[in-house]
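protein01.csv, holding CSV, C-alpha atoms:
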```
chain,number,residue,atom,x,y,z
A,1,MET,CA,248.8,-18.4,-22.2
A,2,LYS,CA,249.0,-18.3,-18.4
A,3,LYS,CA,246.5,-16.0,-16.8
A,4,ASN,CA,247.8,-13.5,-14.2
A,5,LYS,CA,246.7,-13.9,-10.7
A,6,THR,CA,244.1,-11.5,-9.3
A,7,ILE,CA,245.6,-9.0,-6.9
A,8,PRO,CA,243.0,-8.2,-4.2
A,9,TYR,CA,242.5,-4.7,-2.8
A,10,GLY,CA,243.4,-5.9,0.7
A,11,HIS,CA,244.7,-9.1,2.2
A,12,GLN,CA,245.9,-10.5,5.6
A,13,TRP,CA,249.5,-11.5,6.2
A,14,VAL,CA,249.6,-14.5,8.5
A,15,ASP,CA,253.0,-16.2,8.9
A,16,ASN,CA,254.2,-19.4,10.5
A,17,ASN,CA,254.9,-17.7,13.8
A,18,ASP,CA,251.2,-16.6,13.9
A,19,ILE,CA,250.1,-20.2,13.2
A,20,LYS,CA,252.4,-21.6,15.9
A,21,GLU,CA,250.9,-19.3,18.5
A,22,VAL,CA,247.4,-20.2,17.6
A,23,VAL,CA,248.2,-23.9,17.7
A,24,LYS,CA,249.6,-23.4,21.2
A,25,VAL,CA,246.2,-22.0,22.4
A,26,LEU,CA,244.3,-24.8,20.6
A,27,LYS,CA,246.3,-27.2,22.7
A,28,SER,CA,245.8,-25.3,25.9
A,29,ASP,CA,243.0,-25.3,28.5
A,30,TRP,CA,241.6,-22.0,27.3
A,31,LEU,CA,239.9,-21.4,24.0
A,32,THR,CA,237.8,-18.4,24.9
A,33,GLN,CA,238.0,-15.6,27.4
A,34,GLY,CA,241.3,-16.8,28.9
A,35,PRO,CA,244.5,-15.1,29.6
A,36,CYS,CA,245.3,-14.1,26.0
A,37,VAL,CA,242.3,-11.7,25.9
A,38,LEU,CA,243.7,-9.5,28.7
A,39,GLU,CA,247.2,-9.8,27.3
A,40,PHE,CA,246.1,-8.6,23.9
A,41,GLU,CA,244.1,-5.7,25.4
A,42,LYS,CA,247.2,-4.6,27.4
A,43,ALA,CA,249.4,-4.9,24.4
A,44,VAL,CA,247.2,-2.7,22.2
A,45,ALA,CA,246.6,-0.2,25.0
A,46,LYS,CA,250.4,0.1,25.5
A,47,TYR,CA,251.0,0.5,21.7
A,48,CYS,CA,248.3,3.2,21.4
A,49,LYS,CA,249.4,4.9,24.7
A,50,VAL,CA,245.9,4.7,26.2
A,51,LYS,CA,244.9,3.5,29.7
A,52,TYR,CA,242.2,0.9,28.9
A,53,ALA,CA,241.3,-1.5,26.1
A,54,VAL,CA,238.4,-3.9,25.8
A,55,ALA,CA,238.3,-6.5,23.0
A,56,PHE,CA,235.1,-7.5,21.2
A,57,SER,CA,234.0,-10.2,18.7
A,58,SER,CA,233.9,-7.6,15.9
A,59,GLY,CA,234.4,-4.0,15.1
A,60,THR,CA,230.6,-3.6,14.8
A,61,ALA,CA,230.2,-5.1,18.3
A,62,ALA,CA,232.8,-2.6,19.6
A,63,LEU,CA,230.9,0.3,18.0
A,64,TYR,CA,227.5,-0.8,19.5
A,65,SER,CA,229.1,-1.3,22.9
A,66,ALA,CA,230.7,2.1,22.8
A,67,TYR,CA,227.4,3.8,21.9
A,68,ASN,CA,225.6,1.9,24.6
A,69,THR,CA,228.3,2.8,27.1
A,70,ALA,CA,227.9,6.5,26.1
A,71,ASN,CA,224.2,6.1,27.1
A,72,LEU,CA,223.0,7.0,23.6
A,73,LYS,CA,219.3,6.3,23.4
A,74,GLU,CA,215.9,6.9,21.7
A,75,GLY,CA,215.5,10.5,20.5
A,76,ASP,CA,219.1,11.5,20.7
A,77,GLU,CA,221.1,12.8,17.7
A,78,VAL,CA,224.7,12.0,16.8
A,79,ILE,CA,226.7,13.9,14.1
A,80,THR,CA,228.8,11.7,11.9
A,81,THR,CA,230.1,11.5,8.3
A,82,PRO,CA,228.2,10.0,5.4
A,83,LEU,CA,231.4,8.6,4.0
A,84,THR,CA,232.0,5.4,6.1
A,85,PHE,CA,231.1,1.8,6.3
A,86,VAL,CA,227.5,1.2,7.2
A,87,ALA,CA,228.3,-0.2,10.7
A,88,THR,CA,229.3,3.3,12.0
A,89,SER,CA,225.7,4.5,11.5
A,90,ASN,CA,223.7,1.3,11.7
A,91,MET,CA,224.7,0.8,15.3
A,92,LEU,CA,223.5,4.3,16.1
A,93,VAL,CA,220.1,3.3,14.6
A,94,PHE,CA,220.0,0.2,16.8
A,95,CYS,CA,220.4,2.5,19.8
A,96,GLY,CA,217.3,4.5,18.6
A,97,VAL,CA,219.6,7.4,17.7
A,98,LYS,CA,219.2,9.6,14.6
A,99,PRO,CA,222.4,9.8,12.6
A,100,VAL,CA,222.9,13.4,11.5
A,101,PHE,CA,225.3,13.5,8.6
A,102,ALA,CA,227.8,16.4,8.0
A,103,ASP,CA,229.6,16.6,4.7
A,104,ILE,CA,233.3,15.9,4.2
A,105,ASN,CA,236.2,18.1,3.4
A,106,GLU,CA,236.9,17.2,-0.2
A,107,ASN,CA,240.7,17.3,0.3
A,108,THR,CA,241.0,15.1,3.4
A,109,LEU,CA,237.8,13.0,2.8
A,110,ASN,CA,237.1,13.4,6.6
A,111,ILE,CA,234.1,15.1,8.3
A,112,ASN,CA,234.3,18.9,8.0
A,113,PRO,CA,234.3,20.6,11.4
A,114,GLU,CA,232.6,23.6,9.9
A,115,GLU,CA,229.7,21.4,8.8
A,116,ILE,CA,229.5,19.8,12.2
A,117,LYS,CA,228.8,23.2,13.8
A,118,LYS,CA,225.7,23.6,11.5
A,119,LYS,CA,224.2,20.3,12.6
A,120,ILE,CA,224.2,20.8,16.4
A,121,THR,CA,220.8,20.9,18.1
A,122,LYS,CA,219.5,20.4,21.7
A,123,LYS,CA,219.2,16.7,20.9
A,124,THR,CA,222.9,16.3,19.9
A,125,LYS,CA,224.8,14.0,22.3
A,126,ALA,CA,228.0,13.1,20.5
A,127,ILE,CA,230.2,13.4,17.4
A,128,VAL,CA,231.3,10.2,15.8
A,129,THR,CA,234.4,10.8,13.7
A,130,VAL,CA,235.9,8.4,11.1
A,131,ASP,CA,239.6,8.5,10.2
A,132,PHE,CA,238.9,7.7,6.6
A,133,ALA,CA,241.6,5.6,4.9
A,134,GLY,CA,243.8,5.9,8.0
A,135,ASN,CA,244.1,9.7,7.9
A,136,ALA,CA,243.2,11.5,11.2
A,137,CYS,CA,240.4,14.0,11.4
A,138,ASP,CA,241.0,17.6,12.4
A,139,TYR,CA,240.7,16.8,16.1
A,140,ASP,CA,241.7,20.2,17.7
A,141,LYS,CA,238.8,21.8,15.9
A,142,ILE,CA,236.4,18.9,16.7
A,143,PHE,CA,237.3,18.7,20.4
A,144,LYS,CA,236.8,22.5,20.7
A,145,ILE,CA,233.3,22.1,19.2
A,146,ALA,CA,232.6,19.1,21.5
A,147,LYS,CA,233.7,21.0,24.6
A,148,GLU,CA,231.7,24.1,23.8
A,149,ASN,CA,228.5,21.9,23.4
A,150,ASN,CA,229.2,19.3,26.0
A,151,LEU,CA,229.4,16.5,23.5
A,152,LEU,CA,231.3,13.2,23.6
A,153,VAL,CA,233.8,12.4,20.8
A,154,ILE,CA,233.7,8.7,19.7
A,155,GLU,CA,236.3,7.9,17.1
A,156,ASP,CA,235.8,5.2,14.6
A,157,ALA,CA,239.5,4.4,13.9
A,158,SER,CA,238.8,1.1,12.1
A,159,HIS,CA,241.0,2.4,9.3
A,160,ALA,CA,243.7,4.0,11.5
A,161,LEU,CA,245.6,1.6,13.9
A,162,GLY,CA,249.2,2.8,13.9
A,163,GLY,CA,248.3,6.3,12.6
A,164,GLU,CA,249.1,9.6,14.5
A,165,TYR,CA,247.5,13.0,15.0
A,166,LYS,CA,250.1,15.8,15.7
A,167,GLY,CA,252.5,13.1,17.1
A,168,LYS,CA,249.9,11.5,19.3
A,169,LYS,CA,248.9,7.9,18.6
A,170,ILE,CA,245.4,7.3,17.3
A,171,GLY,CA,243.4,5.9,20.2
A,172,SER,CA,245.0,7.9,22.9
A,173,PHE,CA,242.9,11.1,23.0
A,174,SER,CA,239.1,10.6,22.1
A,175,ASP,CA,236.5,9.7,24.7
A,176,MET,CA,236.3,6.3,23.1
A,177,THR,CA,238.1,4.9,20.0
A,178,ILE,CA,237.0,1.9,18.0
A,179,LEU,CA,239.4,-0.5,16.2
A,180,SER,CA,238.7,-3.3,13.8
A,181,PHE,CA,240.8,-6.5,13.3
A,182,HIS,CA,239.1,-7.7,10.1
A,183,PRO,CA,241.6,-9.5,7.7
A,184,VAL,CA,242.0,-6.4,5.5
A,185,LYS,CA,242.9,-4.2,8.4
A,186,HIS,CA,246.4,-3.4,9.8
A,187,ILE,CA,246.5,-6.5,12.0
A,188,THR,CA,243.9,-9.3,12.1
A,189,THR,CA,242.3,-11.6,14.6
A,190,GLY,CA,240.0,-13.1,11.9
A,191,GLU,CA,237.1,-11.1,13.1
A,192,GLY,CA,237.4,-8.8,16.1
A,193,GLY,CA,237.3,-5.2,17.4
A,194,MET,CA,238.3,-3.1,20.4
A,195,VAL,CA,237.3,0.0,22.3
A,196,LEU,CA,240.1,2.2,23.7
A,197,THR,CA,239.4,4.8,26.4
A,198,ASN,CA,241.1,6.7,29.3
A,199,ASN,CA,237.8,6.7,31.2
A,200,GLU,CA,237.7,4.1,33.9
A,201,ASP,CA,233.9,4.2,34.2
A,202,PHE,CA,233.6,3.5,30.5
A,203,TYR,CA,236.1,0.7,30.8
A,204,GLU,CA,234.1,-1.1,33.5
A,205,LYS,CA,230.8,-0.6,31.6
A,206,LEU,CA,232.3,-1.9,28.3
A,207,LYS,CA,233.6,-5.1,30.0
A,208,THR,CA,230.2,-5.7,31.6
A,209,PHE,CA,228.2,-5.1,28.4
A,210,ARG,CA,230.5,-7.5,26.5
A,211,ASN,CA,229.5,-10.3,28.9
A,212,HIS,CA,225.7,-10.2,29.0
A,213,GLY,CA,225.7,-7.4,31.5
A,214,ILE,CA,226.9,-9.8,34.2
A,215,ILE,CA,228.2,-8.3,37.5
A,216,LYS,CA,229.8,-10.9,39.8
A,217,LYS,CA,229.7,-10.5,43.6
A,218,PRO,CA,232.0,-13.0,45.2
A,219,GLU,CA,231.4,-11.6,48.6
A,220,ILE,CA,227.9,-13.2,48.4
A,221,GLY,CA,229.2,-16.4,46.7
A,222,LYS,CA,231.6,-17.4,44.0
A,223,TRP,CA,228.6,-18.6,41.9
A,224,TYR,CA,226.7,-15.4,42.4
A,225,TYR,CA,226.1,-12.7,39.7
A,226,GLU,CA,223.5,-10.0,38.9
A,227,ILE,CA,222.2,-8.2,35.8
A,228,GLU,CA,221.6,-4.5,36.3
A,229,LYS,CA,221.5,-3.7,32.6
A,230,PRO,CA,221.4,-6.4,29.9
A,231,GLY,CA,224.3,-6.8,27.6
A,232,PHE,CA,225.3,-9.1,24.8
A,233,ASN,CA,227.7,-12.0,24.2
A,234,TYR,CA,230.3,-9.9,22.4
A,235,ARG,CA,233.2,-11.9,23.8
A,236,ILE,CA,236.3,-12.6,21.7
A,237,THR,CA,238.3,-15.8,22.0
A,238,ASP,CA,241.8,-16.6,23.1
A,239,ILE,CA,242.3,-18.2,19.7
A,240,GLN,CA,241.7,-14.8,18.1
A,241,CYS,CA,243.6,-12.8,20.6
A,242,VAL,CA,246.8,-14.8,20.5
A,243,LEU,CA,246.8,-14.2,16.7
A,244,GLY,CA,246.3,-10.5,17.5
A,245,ILE,CA,249.2,-10.5,19.9
A,246,SER,CA,251.5,-12.1,17.3
A,247,GLN,CA,250.3,-9.7,14.6
A,248,LEU,CA,250.8,-6.6,16.7
A,249,LYS,CA,254.5,-7.5,17.0
A,250,LYS,CA,254.8,-7.0,13.2
A,251,ILE,CA,252.7,-3.8,12.9
A,252,GLY,CA,255.8,-1.6,12.4
A,253,ILE,CA,256.8,-3.7,9.4
A,254,PHE,CA,253.2,-3.8,8.1
A,255,LEU,CA,252.9,0.0,8.3
A,256,LYS,CA,256.3,0.6,6.7
A,257,LYS,CA,255.4,-1.7,3.7
A,258,ARG,CA,252.0,0.2,3.3
A,259,ARG,CA,253.8,3.5,3.3
A,260,ASN,CA,256.4,2.3,0.8
A,261,ILE,CA,253.6,1.2,-1.6
A,262,VAL,CA,251.9,4.6,-1.2
A,263,LYS,CA,255.1,6.3,-2.2
A,264,LEU,CA,255.3,4.2,-5.3
A,265,TYR,CA,251.7,4.9,-6.3
A,266,SER,CA,252.1,8.6,-5.6
A,267,LYS,CA,255.3,8.9,-7.6
A,268,ALA,CA,253.7,7.0,-10.5
A,269,PHE,CA,250.5,9.0,-10.7
A,270,GLU,CA,251.5,12.5,-9.5
A,271,LYS,CA,251.9,14.0,-12.9
A,272,ASN,CA,248.6,12.5,-14.3
A,273,LYS,CA,246.2,15.4,-14.3
A,274,GLU,CA,243.2,13.1,-14.7
A,275,ILE,CA,243.8,11.4,-11.3
A,276,ILE,CA,243.1,12.9,-7.9
A,277,LEU,CA,245.4,11.2,-5.3
A,278,PRO,CA,244.5,10.7,-1.6
A,279,LYS,CA,246.2,13.3,0.6
A,280,GLU,CA,247.8,12.9,4.0
A,281,SER,CA,246.8,15.9,6.2
A,282,LYS,CA,249.6,18.1,7.5
A,283,PHE,CA,248.7,17.2,11.1
A,284,SER,CA,248.3,13.4,10.4
A,285,LYS,CA,250.6,10.5,9.9
A,286,SER,CA,248.2,8.2,8.0
A,287,ALA,CA,248.0,4.5,8.7
A,288,TRP,CA,247.1,4.1,5.0
A,289,HIS,CA,244.4,1.4,5.3
A,290,ILE,CA,243.3,2.0,1.7
A,291,TYR,CA,244.4,4.1,-1.3
A,292,PRO,CA,241.4,5.6,-3.0
A,293,ILE,CA,242.0,7.4,-6.3
A,294,GLN,CA,239.5,9.6,-8.2
A,295,PHE,CA,239.2,9.9,-11.9
A,296,LYS,CA,238.2,13.4,-13.1
A,297,ASN,CA,236.7,12.5,-16.5
A,298,LEU,CA,236.6,8.7,-17.0
A,299,ASP,CA,233.5,6.6,-16.5
A,300,ARG,CA,234.1,5.0,-13.1
A,301,LYS,CA,232.1,1.9,-13.8
A,302,LYS,CA,234.0,1.2,-17.1
A,303,VAL,CA,237.3,1.7,-15.4
A,304,PHE,CA,236.2,-0.6,-12.4
A,305,ASP,CA,235.1,-3.3,-14.7
A,306,GLU,CA,238.2,-3.2,-16.9
A,307,LEU,CA,240.5,-3.3,-13.9
A,308,GLN,CA,238.7,-6.3,-12.5
A,309,LYS,CA,238.8,-8.0,-15.9
A,310,GLN,CA,242.6,-7.6,-15.9
A,311,GLY,CA,242.9,-9.1,-12.4
A,312,ILE,CA,243.1,-6.0,-10.3
A,313,GLY,CA,240.8,-6.5,-7.4
A,314,VAL,CA,239.6,-2.9,-7.0
A,315,GLN,CA,236.8,-1.8,-4.6
A,316,VAL,CA,234.8,1.4,-3.9
A,317,HIS,CA,234.9,2.8,-0.3
A,318,TYR,CA,232.0,3.8,0.1
A,319,MET,CA,228.6,4.7,-1.2
A,320,PRO,CA,227.6,7.6,1.1
A,321,LEU,CA,225.2,6.4,3.7
A,322,HIS,CA,222.5,9.0,2.9
A,323,LEU,CA,222.1,7.4,-0.6
A,324,HIS,CA,221.1,4.0,0.9
A,325,PRO,CA,217.3,3.4,0.6
A,326,PHE,CA,217.0,2.8,4.4
A,327,TYR,CA,218.4,6.2,5.4
A,328,GLN,CA,216.3,7.9,2.7
A,329,LYS,CA,213.1,6.3,3.8
A,330,LYS,CA,213.8,6.4,7.6
A,331,PHE,CA,215.3,9.9,7.9
A,332,GLY,CA,214.4,11.7,4.7
A,333,TYR,CA,217.9,12.0,3.3
A,334,LYS,CA,218.2,12.4,-0.5
A,335,LYS,CA,220.7,12.7,-3.3
A,336,GLY,CA,222.3,16.2,-3.3
A,337,ASP,CA,222.3,16.6,0.5
A,338,PHE,CA,226.1,16.1,0.8
A,339,PRO,CA,227.7,17.1,-2.5
A,340,ASN,CA,231.4,16.6,-1.5
A,341,ALA,CA,230.7,13.0,-0.4
A,342,GLU,CA,228.7,12.3,-3.5
A,343,ASN,CA,231.3,13.9,-5.8
A,344,TYR,CA,234.0,11.7,-4.3
A,345,TYR,CA,231.8,8.6,-4.6
A,346,ASP,CA,231.1,9.1,-8.3
A,347,ARG,CA,234.8,9.2,-9.1
A,348,ALA,CA,236.5,6.9,-6.6
A,349,ILE,CA,238.1,3.5,-6.9
A,350,THR,CA,240.2,1.9,-4.2
A,351,ILE,CA,243.3,0.2,-5.7
A,352,PRO,CA,245.2,-2.7,-4.0
A,353,LEU,CA,247.2,-1.8,-0.9
A,354,PHE,CA,248.4,-4.4,1.6
A,355,PRO,CA,251.8,-5.4,3.1
A,356,LYS,CA,252.2,-8.7,1.3
A,357,MET,CA,252.1,-7.1,-2.1
A,358,ALA,CA,255.2,-7.8,-4.1
A,359,ASP,CA,257.0,-5.0,-6.0
A,360,SER,CA,255.9,-6.8,-9.2
A,361,ASP,CA,252.2,-6.6,-8.0
A,362,VAL,CA,252.6,-2.8,-7.4
A,363,LYS,CA,254.2,-2.3,-10.8
A,364,ARG,CA,251.4,-4.3,-12.5
A,365,VAL,CA,248.7,-2.2,-10.9
A,366,ILE,CA,250.5,1.0,-12.0
A,367,THR,CA,251.1,-0.2,-15.6
A,368,ILE,CA,247.5,-1.3,-16.1
A,369,ILE,CA,246.1,2.0,-14.7
A,370,LYS,CA,248.4,4.0,-16.9
A,371,ASN,CA,247.4,2.0,-19.9
A,372,ILE,CA,243.8,3.0,-19.4
A,373,PHE,CA,244.9,6.5,-20.2
```
Produce structure tokens that represent the structure in this file.
Amino acid sequence: MKKNKTIPYGHQWVDNNDIKEVVKVLKSDWLTQGPCVLEFEKAVAKYCKVKYAVAFSSGTAALYSAYNTANLKEGDEVITTPLTFVATSNMLVFCGVKPVFADINENTLNINPEEIKKKITKKTKAIVTVDFAGNACDYDKIFKIAKENNLLVIEDASHALGGEYKGKKIGSFSDMTILSFHPVKHITTGEGGMVLTNNEDFYEKLKTFRNHGIIKKPEIGKWYYEIEKPGFNYRITDIQCVLGISQLKKIGIFLKKRRNIVKLYSKAFEKNKEIILPKESKFSKSAWHIYPIQFKNLDRKKVFDELQKQGIGVQVHYMPLHLHPFYQKKFGYKKGDFPNAENYYDRAITIPLFPKMADSDVKRVITIIKNIF
């Protein structure tokens, strides 16, 4: 009997046009930090309706560079969500910053503005939001809090390229917005990330930090450069960026396919009282990076194992950060601190969602999940 293929929870879609564009660069004079980097940055900035974009070697590099550009340092505090990938908070730690977690709204799965208010101290310097699953946070409330307390808003939109908040493109309104181009994201450069901003000073600092902190001074000599503040080699390549340029041309198709799959899932499971479906906020047009469902009464581990056994590549996004041993030992967090995030985690499974899924794949996922009940 032929075994069914495994359907991953996420997967890139690289076509022949993408490959042809990459081959052109491989045959060119530029492999890294050539003209394709700037072209990619301008294309994403235009799409997101923001003034400036700086591409980096990864989303994590983009996060760290944004935090450094915001001048976050030893002793500062930053309020963020516990429900996110570890990079959001880890990069704060590497700046010497204390991540102060605020619980999520159980309906949107995003950071709760009312919980943010409770966490502000004299040491608070910024709010780092995460548009979980591609669903925008409640930014009017968050910006009001930030303005009243003179705080920066840094938006981790690694899940949200192509999404909208009240008709405005994600990436167009926060002090800095981070994107990721990992293969499971909306478009891919293999590995890669980006920071978007409307602040020219931030833009210049981000470019310098990406390239070791080098500042060139051609008026002294074409060879001459100085370091005022050390940076890293977080440069991205032309090879990656030409792939990103080609991928961005298809983002409308990718988003449409994601939303069509979401409609099929929602219709299939809407009457099942044992499943909690992810919700799109009334003010958000979600980019639908992932589709996490929650089981009210079933044993999550048993369901997870059974789905994987049947070739459904499920995942869990994410174990809340305050449950990791490092954050408990370093900052004193403990189980029970953020009940909404914990309750979600105990029940959640991310099921497959990516543009290249065939209708038969979607039906198979639906059938197998229904059979579990």
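Taking all atoms listed in the file into account, Val130 in chain A lies nearest to A:Thr84 out of the set A:Thr84, A:Asn272, A:Asn107, A:Gln294.
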**Item:** Among the residues A:Phe254, A:Phe269, A:Trp223, A:Phe132, the one that comes closest to Thr81 in chain A [using all atoms listed in the file]
**Value:** A:Phe132
**Asked** Quick one: residues within 9 Å of Asn110 in chain A, all atoms listed in the file counted, chain neighbours fewer than 3 positions away excluded, as a list in words?
**Response** Thr81, Leu83, Asp103, Ile104, Asn105, Glu106, Asn107, Thr129, Val130, Asp131, Phe132, Asn135, Ala136, Cys137 and Asp138 of chain A
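CA of His322 in chain A is found 27.7 Å from CA of Pro8 in chain A.
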**Item:** Å distance separating CA of His11 in chain A from CA of Pro183 in chain A, one decimal place
**Value:** 6.3 Å
**Prompt:** What does the distance from CA of Pro355 in chain A to CA of Trp13 in chain A come to in Å, to one decimal?
**Reply:**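 We find that CA of Pro355 in chain A and CA of Trp13 in chain A lie 7.2 Å from each other.
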**Request:** Up to 9 Å from (243.0, -8.1, 23.2) in the file's coordinates: name the residues, counting all atoms listed in the file, as a list in words.
**Result:**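 With a cut-off of 9 Å, the residues come to Cys36, Val37, Leu38, Glu39, Phe40, Glu41, Lys42, Ala43, Val44, Ala45, Ala53, Val54, Ala55, Phe56, Gly193, Met194, Ile236, Asp238, Gln240, Cys241, Val242, Gly244 and Ile245 of chain A.
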Fewer than 2 positions away in the same chain doesn't count, so skip those; otherwise give me all residues within 12 Å of range 18-24 of chain A, counting all atoms listed in the file, as a PDB file with C-alpha atoms, in the frame of the given file.
```pdb
ATOM      1  CA  GLN A  12     245.900 -10.500   5.600  1.00  0.00           C
ATOM      2  CA  TRP A  13     249.500 -11.500   6.200  1.00  0.00           C
ATOM      3  CA  VAL A  14     249.600 -14.500   8.500  1.00  0.00           C
ATOM      4  CA  ASP A  15     253.000 -16.200   8.900  1.00  0.00           C
ATOM      5  CA  ASN A  16     254.200 -19.400  10.500  1.00  0.00           C
ATOM      6  CA  LEU A  26     244.300 -24.800  20.600  1.00  0.00           C
ATOM      7  CA  LYS A  27     246.300 -27.200  22.700  1.00  0.00           C
ATOM      8  CA  SER A  28     245.800 -25.300  25.900  1.00  0.00           C
ATOM      9  CA  ASP A  29     243.000 -25.300  28.500  1.00  0.00           C
ATOM     10  CA  TRP A  30     241.600 -22.000  27.300  1.00  0.00           C
ATOM     11  CA  LEU A  31     239.900 -21.400  24.000  1.00  0.00           C
ATOM     12  CA  CYS A  36     245.300 -14.100  26.000  1.00  0.00           C
ATOM     13  CA  ILE A 187     246.500  -6.500  12.000  1.00  0.00           C
ATOM     14  CA  THR A 188     243.900  -9.300  12.100  1.00  0.00           C
ATOM     15  CA  THR A 189     242.300 -11.600  14.600  1.00  0.00           C
ATOM     16  CA  GLY A 190     240.000 -13.100  11.900  1.00  0.00           C
ATOM     17  CA  THR A 237     238.300 -15.800  22.000  1.00  0.00           C
ATOM     18  CA  ASP A 238     241.800 -16.600  23.100  1.00  0.00           C
ATOM     19  CA  ILE A 239     242.300 -18.200  19.700  1.00  0.00           C
ATOM     20  CA  GLN A 240     241.700 -14.800  18.100  1.00  0.00           C
ATOM     21  CA  CYS A 241     243.600 -12.800  20.600  1.00  0.00           C
ATOM     22  CA  VAL A 242     246.800 -14.800  20.500  1.00  0.00           C
ATOM     23  CA  LEU A 243     246.800 -14.200  16.700  1.00  0.00           C
ATOM     24  CA  GLY A 244     246.300 -10.500  17.500  1.00  0.00           C
ATOM     25  CA  ILE A 245     249.200 -10.500  19.900  1.00  0.00           C
ATOM     26  CA  SER A 246     251.500 -12.100  17.300  1.00  0.00           C
ATOM     27  CA  GLN A 247     250.300  -9.700  14.600  1.00  0.00           C
ATOM     28  CA  LEU A 248     250.800  -6.600  16.700  1.00  0.00           C
ATOM     29  CA  LYS A 249     254.500  -7.500  17.000  1.00  0.00           C
ATOM     30  CA  LYS A 250     254.800  -7.000  13.200  1.00  0.00           C
TER      31      LYS A 250
END
```
**Prompt:** A:Tyr345, A:Tyr234, A:Phe338, A:Phe304: which is nearest Gln33 in chain A, counting only C-alpha atoms?
**Reply:** A:Tyr234
**Selection: 9 Å around range 360-366 of chain A, all atoms listed in the file, excl. self and same-chain fewer than 4 positions, as an NGL selection string** = :A and (7 or 261 or 264-265 or 268-269 or 307 or 312 or 351-353 or 370-371)
**Prompt:** Of the residues A:Leu196, A:Ala66, A:Val25, A:Ile293, which is the one nearest to Gly231 in chain A, using all atoms listed in the file?
**Reply:** A:Ala66
**Prompt:** For Trp288 in chain A, which residue among A:Lys119, A:Arg300, A:Arg235, A:Lys185 is the nearest when counting all atoms listed in the file?
**Reply:**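 Looking only at the distances to Trp288 in chain A, the closest residue turns out to be A:Lys185.
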**Request:** Up to 6 Å from (229.0, 12.5, 14.4) in the file's coordinates: name the residues, counting only C-alpha atoms, as number ranges by chain.
**Result:** A: 78-80, 127-129
Please, could you write that set of residues out with C-alpha atoms as a PDB file, keeping the file's coordinate frame?
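Output contents, as saved in part28.pdb:
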```pdb
ATOM      1  CA  VAL A  78     224.700  12.000  16.800  1.00  0.00           C
ATOM      2  CA  ILE A  79     226.700  13.900  14.100  1.00  0.00           C
ATOM      3  CA  THR A  80     228.800  11.700  11.900  1.00  0.00           C
ATOM      4  CA  ILE A 127     230.200  13.400  17.400  1.00  0.00           C
ATOM      5  CA  VAL A 128     231.300  10.200  15.800  1.00  0.00           C
ATOM      6  CA  THR A 129     234.400  10.800  13.700  1.00  0.00           C
TER       7      THR A 129
END
```
**Request:** Please identify all polymer residues within 12 Å of Pro292 in chain A, counting only C-alpha atoms, omitting same-chain residues fewer than 2 positions from it, and present them as an NGL selection string.
**Result:** :A and (9 or 108-109 or 132-135 or 262 or 265-266 or 275-280 or 288-290 or 294-295 or 314-318 or 344-345 or 347-353)
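Considering the residues A:Ser174, A:Ser158, A:Asn343, A:Asn68 and counting only C-alpha atoms, Lys205 in chain A has its shortest atom-to-atom contact with A:Asn68.
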Would you list the contacts of Cys95 in chain A as a tab-separated table (two decimals) with C-alpha atoms, in the frame of the given file, taking every protein, DNA or RNA residue within 8 Å and counting all atoms listed in the file, but skipping same-chain residues closer than 4 positions in sequence?
```tsv
chain	number	residue	atom	x	y	z
A	64	TYR	CA	227.50	-0.80	19.50
A	67	TYR	CA	227.40	3.80	21.90
A	68	ASN	CA	225.60	1.90	24.60
A	72	LEU	CA	223.00	7.00	23.60
A	73	LYS	CA	219.30	6.30	23.40
A	74	GLU	CA	215.90	6.90	21.70
A	91	MET	CA	224.70	0.80	15.30
```
